[in-house]
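**Student:** Take a look at this one; I'll ask things after.
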Amino acid sequence: MSDALLAVDGLTKRFGGFTALNDISVSVGQGERLGLIGPNGSGKSTFVNCISGTLPIDQGSVTLGGARIDGLAPHQRTRLGLARSFQLPRPFGSLTVAENLRVPMLYAGRGGTDTEAELLEMVGLGGKAQQRPGDLTQVEMRKLELARAMAASPRLLVADEAMAGLSNSEVDEILVLLLRLNEQGVTIVLIEHIMRAVMAFSQRLVCLVAGRKVADGDPQDVIRNDDVLKAYLGE
Amino acid sequence: MSNLRFWACGLLLVLTGWLLGRLVSNEYAFFAGYSVLQYILLATAWNILGGYAGYVNFGTAAFFALGAYVSVALNKMYALPLPVLIVAGGVASGLVGLLMGSLTLKLRGVFFSIATLALAIVSQAVITNWEYVGGASGAYVLRPRMGPLGGSYIEYLFYTMLVMAVAAVALARTIERSKVGYGLSAIRDDELAAEASGVPTLKLKLLATVASGTLMGMAGAPLPFYVAYLDPPSAFNLAYAVNTIAMPLVGGTGTWIGPVLGAILLTVVQETAMVTISSAANLLIVGLLMVGFITLAPNGIVGMVRSLREGRK
């Protein structure tokens, strides 16, 4: 695919004798909304860590916008436009909410024009700029996590379970936020367990089971796929 | 505090120190003042790595003593002027910082701290066996009677330390408010998230280690002239490592003013105790103060003042 923003080819990751990811190939088009699902332990988070550089990969390649990025340090990938949010929010606790955004802006701003205030306004944290992350609620913390990823003006945002543990209405808030980001031209890979959210968000769905890709395609087809059903519901 | 006010205060401090020095005829005032300034410099240096980046260094004595021994060695070889010895001591300790940093900065938290402790022990063993600088029996350094600017040599040492301390605090403050400062704070709070935010964590940590080590080496370089007799047990004294950790903790880490307040408070308390009670009570008092602050005011004096101010609002 020539217009792929992110191309993962034959990615394999082993932990000792255990193969966590086995020959995974996925490509994500410019502006696409891709959902990544899979049961617990299927390798979703390992996949995120391998793409973002937190874990080194054993085989295969990762390219972003045509340039090889496997082998680069995580901060270099962020500077090239690959931002991630963490499954459990990891804010900079001693900095204010606004300063949390200033860090990626200073180090990976990539010429983005949004100011801290504009970004906070967009995610709905407008009045909280001077607070510390410790004073935020769970859903606000998730918003801060997304805003901080956005502060790096990414081309590709990998959102790792941005909605886990949130209430129904809070899930909707985050969903609206992600869709708005996508409209602004950010390609998004969403890793999520909440099927309602994944189905509402994704244009395409990839399913991992035990470190292998078992399905890749239209969301409606993927959730009817035999392998996917077997993995989630048993034989 | 605005930039202009900070620089004005720094300059004023140097001038006041110099003027007071001209008026004082008691040599003890310079000895005590030197000690306070030396600890302001050491605590500020420690805080750049320990307070800003959150990497606790137990090896202060190694960097400090290295600066002192480079001074002893070069003085024996060429009898160079003090500023040159200070630069040489700083460069040597900075290089050791770079070396240690590249070997150990991949270790996180307590493992890094243990490695720095090991560095202190290893370097003491090396110096103890280096005969040229006196080895285990120590080295006598002839302190000139007069300083090059007139007045006694102790007075000269005092001014030199005053200038270095003010410069170090200015450097720390500049770092704190710069892009590097934000990066170091991010590292302290969450290294993984910092890296994901584009912060080159390894590079910044190395930078902090080198800056911190260089300043500690510079602090140690005038020491041989101050004490006139230097042996490994006193140069690598545990008190240096304990004090430089205690001072930022008591004053408040994370800001430039914290180590300054902590250094002044603890040195004054210790000097007073040494004169009035006994010289052995020093570390006991530091230990008690440290325990007290950690349990009652974990963010130090700065944190205490800040929470009082916020409480009033």
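Simple scheme: letters A, B, ... for chains in structure tokens order, numbers from 1 for residues in each chain, numbers from 1 for ligands in the order shown.
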Near Ala62 (chain B), within 10 Å and counting only C-alpha atoms, which residues show up once chain neighbours fewer than 2 positions away are dropped, as a list in words?
**Tutor:**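 Surrounding residues, per the criterion: Phe58, Gly59, Thr60, Phe64, Ala65, Leu66, Gly67, Ala68, Ser93, Val96, Thr116, Leu117, Ala118, Leu119, Ala120, Ile121, Val122, Ser123, Gln124, Gly213, Met216, Gly217, Gly220, Ala235, Phe236, Asn237, Tyr240 and Ala241 of chain B.
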**Student:** Please list as a list in words every residue within 10 Å of Met105 (chain A), counting only C-alpha atoms and excluding residues in the same chain fewer than 2 positions away.
**Tutor:**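 Returned residues: Glu99, Asn100, Leu101, Arg102, Val103, Tyr107, Ala108, Gly109, Arg110, Gly111, Gly112, Thr113, Asp114, Thr115, Glu116, Arg148, Ala149, Met150, Ala151, Ala152 and Ser153 of chain A; Ser197 and Gly198 of chain B.
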**Student:** Please, could you write that set of residues out with N, CA and C atoms as a JSON list (two decimals), in the first residue's frame?
**Tutor:**
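What ended up in out05.json:
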```json
[["chain", "number", "residue", "atom", "x", "y", "z"],
["A", 99, "GLU", "N", 1.54, 22.55, 32.13],
["A", 99, "GLU", "CA", 2.96, 22.19, 31.97],
["A", 99, "GLU", "C", 3.12, 20.78, 31.43],
["A", 100, "ASN", "N", 2.15, 19.90, 31.78],
["A", 100, "ASN", "CA", 2.16, 18.56, 31.23],
["A", 100, "ASN", "C", 2.15, 18.58, 29.71],
["A", 101, "LEU", "N", 1.43, 19.55, 29.14],
["A", 101, "LEU", "CA", 1.38, 19.68, 27.68],
["A", 101, "LEU", "C", 2.62, 20.40, 27.15],
["A", 102, "ARG", "N", 3.19, 21.26, 28.00],
["A", 102, "ARG", "CA", 4.34, 22.04, 27.54],
["A", 102, "ARG", "C", 5.53, 21.13, 27.23],
["A", 103, "VAL", "N", 5.67, 20.03, 28.00],
["A", 103, "VAL", "CA", 6.82, 19.14, 27.80],
["A", 103, "VAL", "C", 6.85, 18.60, 26.36],
["A", 107, "TYR", "N", 9.52, 19.59, 23.24],
["A", 107, "TYR", "CA", 10.43, 18.57, 22.74],
["A", 107, "TYR", "C", 10.00, 17.93, 21.43],
["A", 108, "ALA", "N", 8.71, 17.97, 21.12],
["A", 108, "ALA", "CA", 8.27, 17.28, 19.90],
["A", 108, "ALA", "C", 7.22, 18.09, 19.17],
["A", 109, "GLY", "N", 7.19, 19.41, 19.42],
["A", 109, "GLY", "CA", 6.12, 20.24, 18.90],
["A", 109, "GLY", "C", 5.90, 20.15, 17.40],
["A", 110, "ARG", "N", 6.92, 19.82, 16.65],
["A", 110, "ARG", "CA", 6.81, 19.65, 15.20],
["A", 110, "ARG", "C", 6.07, 20.81, 14.53],
["A", 111, "GLY", "N", 6.26, 22.00, 15.05],
["A", 111, "GLY", "CA", 5.65, 23.16, 14.41],
["A", 111, "GLY", "C", 4.16, 23.25, 14.54],
["A", 112, "GLY", "N", 3.58, 22.52, 15.49],
["A", 112, "GLY", "CA", 2.14, 22.61, 15.73],
["A", 112, "GLY", "C", 1.78, 24.01, 16.18],
["A", 113, "THR", "N", 0.58, 24.46, 15.84],
["A", 113, "THR", "CA", 0.23, 25.84, 16.15],
["A", 113, "THR", "C", -0.70, 25.93, 17.35],
["A", 114, "ASP", "N", -1.27, 24.80, 17.80],
["A", 114, "ASP", "CA", -2.16, 24.85, 18.96],
["A", 114, "ASP", "C", -1.39, 25.29, 20.19],
["A", 115, "THR", "N", -2.01, 26.12, 20.99],
["A", 115, "THR", "CA", -1.38, 26.47, 22.26],
["A", 115, "THR", "C", -1.89, 25.51, 23.33],
["A", 116, "GLU", "N", -1.23, 25.57, 24.50],
["A", 116, "GLU", "CA", -1.68, 24.73, 25.61],
["A", 116, "GLU", "C", -3.16, 24.98, 25.89],
["A", 148, "ARG", "N", -1.95, 15.35, 26.06],
["A", 148, "ARG", "CA", -0.49, 15.37, 26.07],
["A", 148, "ARG", "C", 0.06, 14.68, 24.82],
["A", 149, "ALA", "N", -0.61, 13.59, 24.42],
["A", 149, "ALA", "CA", -0.18, 12.93, 23.17],
["A", 149, "ALA", "C", -0.40, 13.87, 21.99],
["A", 150, "MET", "N", -1.50, 14.62, 22.01],
["A", 150, "MET", "CA", -1.80, 15.54, 20.92],
["A", 150, "MET", "C", -0.84, 16.72, 20.89],
["A", 151, "ALA", "N", -0.30, 17.08, 22.05],
["A", 151, "ALA", "CA", 0.59, 18.24, 22.14],
["A", 151, "ALA", "C", 1.86, 18.01, 21.32],
["A", 152, "ALA", "N", 2.16, 16.76, 21.01],
["A", 152, "ALA", "CA", 3.33, 16.47, 20.17],
["A", 152, "ALA", "C", 2.99, 16.63, 18.68],
["A", 153, "SER", "N", 1.82, 17.17, 18.38],
["A", 153, "SER", "CA", 1.28, 17.28, 17.00],
["A", 153, "SER", "C", 1.57, 16.04, 16.17],
["B", 197, "SER", "N", 6.90, 11.54, 25.32],
["B", 197, "SER", "CA", 6.60, 12.94, 25.00],
["B", 197, "SER", "C", 7.72, 13.59, 24.20],
["B", 198, "GLY", "N", 8.68, 12.79, 23.76],
["B", 198, "GLY", "CA", 9.74, 13.32, 22.92],
["B", 198, "GLY", "C", 10.98, 13.77, 23.68]]
```
**Student:** Neighbours of Ala194 (chain B) within 9 Å (only C-alpha atoms; same-chain residues fewer than 5 positions away dropped), as a PyMOL selection string?
**Tutor:** (chain A and resi 75+92+103-104) or (chain B and resi 183-189+199-201)
**Student:** List the spatial neighbours of Lys13 (chain A) as a list in words - criterion: any atom at most 9 Å away, only C-alpha atoms, same-chain residues fewer than 2 positions off excluded.
**Tutor:** Leu11, Phe15, Phe18, Thr19, Ala20, Leu21, Asn22, Asp23, Thr46, Phe47, Cys50, Leu55, Pro56, Ile57, Asp58, Gln59 and Gly211 of chain A
**Student:** Would you mind telling me which residue in A:Gly93, A:Gly17, A:Gly124, A:Gly71 lies nearest to chain B when using only C-alpha atoms?
**Tutor:**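 Between A:Gly93, A:Gly17, A:Gly124, A:Gly71, the residue approaching chain B most closely is A:Gly93.
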**Student:** Could you pull the residues within 7 Å of region 77-91 of chain B, counting only C-alpha atoms, minus those fewer than 2 positions along the same chain, as a PyMOL selection string?
**Tutor:** chain B and resi 66-68+70-71+73-75+93-95+214-215+217-218+221-222
**Student:** Which one of A:Glu121, A:Glu235, A:Glu145, A:Asp135 sits closest to chain B if you count only C-alpha atoms?
**Tutor:**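 Smallest separation from chain B among the options: A:Glu145.
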**Student:** Quick check for you: according to DSSP on this backbone, which residues of region 3-233 of chain A are classed as alpha helix (DSSP H)? Reply as a VMD selection string.
**Tutor:** chain A and resid 44 to 52 74 to 80 97 to 108 116 to 123 138 to 150 168 to 183 195 to 201 219 to 222 226 to 233
**Student:** For the residues in that selection, give me C-alpha atoms as a tab-separated table (two decimals), in the first residue's frame.
**Tutor:**
```
chain	number	residue	atom	x	y	z
A	44	LYS	CA	-2.19	-5.73	22.02
A	45	SER	CA	-0.13	-3.75	24.51
A	46	THR	CA	3.07	-5.48	23.41
A	47	PHE	CA	2.19	-4.43	19.88
A	48	VAL	CA	1.80	-0.80	21.00
A	49	ASN	CA	5.08	-0.97	22.90
A	50	CYS	CA	6.86	-2.41	19.87
A	51	ILE	CA	5.55	0.27	17.53
A	52	SER	CA	6.30	3.14	19.89
A	74	PRO	CA	10.83	6.20	21.61
A	75	HIS	CA	11.44	9.95	21.81
A	76	GLN	CA	12.72	9.99	18.24
A	77	ARG	CA	9.56	8.25	17.03
A	78	THR	CA	7.44	10.78	18.91
A	79	ARG	CA	9.35	13.56	17.16
A	80	LEU	CA	8.63	11.92	13.80
A	97	VAL	CA	-1.89	20.35	33.73
A	98	ALA	CA	-0.70	23.08	31.34
A	99	GLU	CA	2.96	22.19	31.97
A	100	ASN	CA	2.16	18.56	31.23
A	101	LEU	CA	1.38	19.68	27.68
A	102	ARG	CA	4.34	22.04	27.54
A	103	VAL	CA	6.82	19.14	27.80
A	104	PRO	CA	5.85	17.47	24.48
A	105	MET	CA	5.34	20.89	22.90
A	106	LEU	CA	8.91	21.88	23.74
A	107	TYR	CA	10.43	18.57	22.74
A	108	ALA	CA	8.27	17.28	19.90
A	116	GLU	CA	-1.68	24.73	25.61
A	117	ALA	CA	-4.90	26.60	26.29
A	118	GLU	CA	-6.43	25.63	22.93
A	119	LEU	CA	-5.60	21.97	23.43
A	120	LEU	CA	-6.99	21.94	26.96
A	121	GLU	CA	-10.12	23.70	25.72
A	122	MET	CA	-10.54	21.09	23.01
A	123	VAL	CA	-10.40	18.15	25.41
A	138	GLN	CA	-10.34	9.53	36.19
A	139	VAL	CA	-11.97	10.76	33.01
A	140	GLU	CA	-10.13	14.08	33.19
A	141	MET	CA	-6.89	12.17	33.62
A	142	ARG	CA	-7.67	10.24	30.40
A	143	LYS	CA	-8.35	13.50	28.62
A	144	LEU	CA	-5.05	14.89	29.86
A	145	GLU	CA	-3.32	11.73	28.62
A	146	LEU	CA	-4.83	12.29	25.15
A	147	ALA	CA	-4.12	16.01	25.20
A	148	ARG	CA	-0.49	15.37	26.07
A	149	ALA	CA	-0.18	12.93	23.17
A	150	MET	CA	-1.80	15.54	20.92
A	168	ASN	CA	-20.94	4.87	29.62
A	169	SER	CA	-21.29	8.62	29.27
A	170	GLU	CA	-17.59	9.12	29.88
A	171	VAL	CA	-16.80	6.60	27.13
A	172	ASP	CA	-18.95	8.71	24.81
A	173	GLU	CA	-17.04	11.85	25.77
A	174	ILE	CA	-13.70	10.26	24.88
A	175	LEU	CA	-15.19	8.80	21.70
A	176	VAL	CA	-16.41	12.20	20.52
A	177	LEU	CA	-12.99	13.60	21.30
A	178	LEU	CA	-11.18	10.93	19.27
A	179	LEU	CA	-13.52	11.39	16.31
A	180	ARG	CA	-12.91	15.13	16.40
A	181	LEU	CA	-9.15	14.58	16.39
A	182	ASN	CA	-9.53	12.27	13.41
A	183	GLU	CA	-11.53	14.90	11.54
A	195	MET	CA	-16.92	-3.26	21.83
A	196	ARG	CA	-19.59	-0.58	21.61
A	197	ALA	CA	-16.87	2.06	21.43
A	198	VAL	CA	-14.66	0.12	19.02
A	199	MET	CA	-17.54	-0.54	16.64
A	200	ALA	CA	-18.67	3.07	16.72
A	201	PHE	CA	-15.15	4.34	16.11
A	219	PRO	CA	-15.63	-4.30	11.52
A	220	GLN	CA	-18.94	-6.07	10.83
A	221	ASP	CA	-17.13	-8.92	9.06
A	222	VAL	CA	-14.42	-9.19	11.68
A	226	ASP	CA	-15.01	-17.71	13.18
A	227	ASP	CA	-11.55	-17.32	14.71
A	228	VAL	CA	-12.56	-14.14	16.47
A	229	LEU	CA	-15.73	-15.69	17.87
A	230	LYS	CA	-13.78	-18.75	18.98
A	231	ALA	CA	-11.23	-16.61	20.80
A	232	TYR	CA	-13.84	-14.59	22.64
A	233	LEU	CA	-16.55	-17.21	23.24
```
**Student:** In terms of the shortest atom-to-atom distance over only C-alpha atoms, which of B:Met247, B:Val242, B:Ala193, B:Leu289 is closest to chain A?
**Tutor:** B:Ala193
**Student:** As a PyMOL selection string, list the residues of region 85-215 of chain A assigned to strand (DSSP E) by DSSP on the backbone atoms of this structure.
**Tutor:** chain A and resi 85+156-160+187-191+204-209+212-215
**Student:** Name all residues at most 7 Å from Val158 (chain A) (count only C-alpha atoms; drop same-chain ones fewer than 5 positions away) and give them as a list of chain:residue names.
**Tutor:**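 So the residues in contact are A:Ala83, A:Arg84, A:Ser85, A:Ile188, A:Val189, A:Leu190.
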**Student:** With N, CA, C and O atoms retained, could you export that selection as an mmCIF file, in the first residue's frame?
**Tutor:**
```
data_model
loop_
_atom_site.group_PDB
_atom_site.id
_atom_site.type_symbol
_atom_site.label_atom_id
_atom_site.label_comp_id
_atom_site.auth_asym_id
_atom_site.auth_seq_id
_atom_site.Cartn_x
_atom_site.Cartn_y
_atom_site.Cartn_z
ATOM 1 N N ALA A 83 2.613 9.443 18.242
ATOM 2 C CA ALA A 83 2.367 9.681 19.663
ATOM 3 C C ALA A 83 1.517 8.560 20.224
ATOM 4 O O ALA A 83 0.741 7.928 19.504
ATOM 5 N N ARG A 84 1.687 8.304 21.511
ATOM 6 C CA ARG A 84 0.872 7.269 22.139
ATOM 7 C C ARG A 84 0.308 7.800 23.449
ATOM 8 O O ARG A 84 0.863 8.703 24.071
ATOM 9 N N SER A 85 -0.809 7.216 23.850
ATOM 10 C CA SER A 85 -1.280 7.471 25.210
ATOM 11 C C SER A 85 -1.171 6.145 25.953
ATOM 12 O O SER A 85 -1.159 5.081 25.342
ATOM 13 N N ILE A 188 -5.671 7.465 13.640
ATOM 14 C CA ILE A 188 -5.766 6.939 15.007
ATOM 15 C C ILE A 188 -5.868 5.417 15.022
ATOM 16 O O ILE A 188 -6.641 4.819 14.280
ATOM 17 N N VAL A 189 -5.033 4.804 15.864
ATOM 18 C CA VAL A 189 -5.179 3.385 16.153
ATOM 19 C C VAL A 189 -5.721 3.279 17.567
ATOM 20 O O VAL A 189 -5.102 3.765 18.515
ATOM 21 N N LEU A 190 -6.897 2.673 17.708
ATOM 22 C CA LEU A 190 -7.540 2.580 19.011
ATOM 23 C C LEU A 190 -7.486 1.133 19.499
ATOM 24 O O LEU A 190 -7.980 0.224 18.832
#
```
**Student:** Point out the residue among A:Gly60, A:Gly126, A:Gly31, A:Gly81 with the least atom-to-atom distance to chain B, counting only C-alpha atoms.
**Tutor:**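 Nearest candidate to chain B out of A:Gly60, A:Gly126, A:Gly31, A:Gly81: A:Gly81.
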**Student:** Take CA of Val186 (chain A) and CA of Gln30 (chain A) and report the distance between them in Å, one decimal.
**Tutor:** 8.1 Å
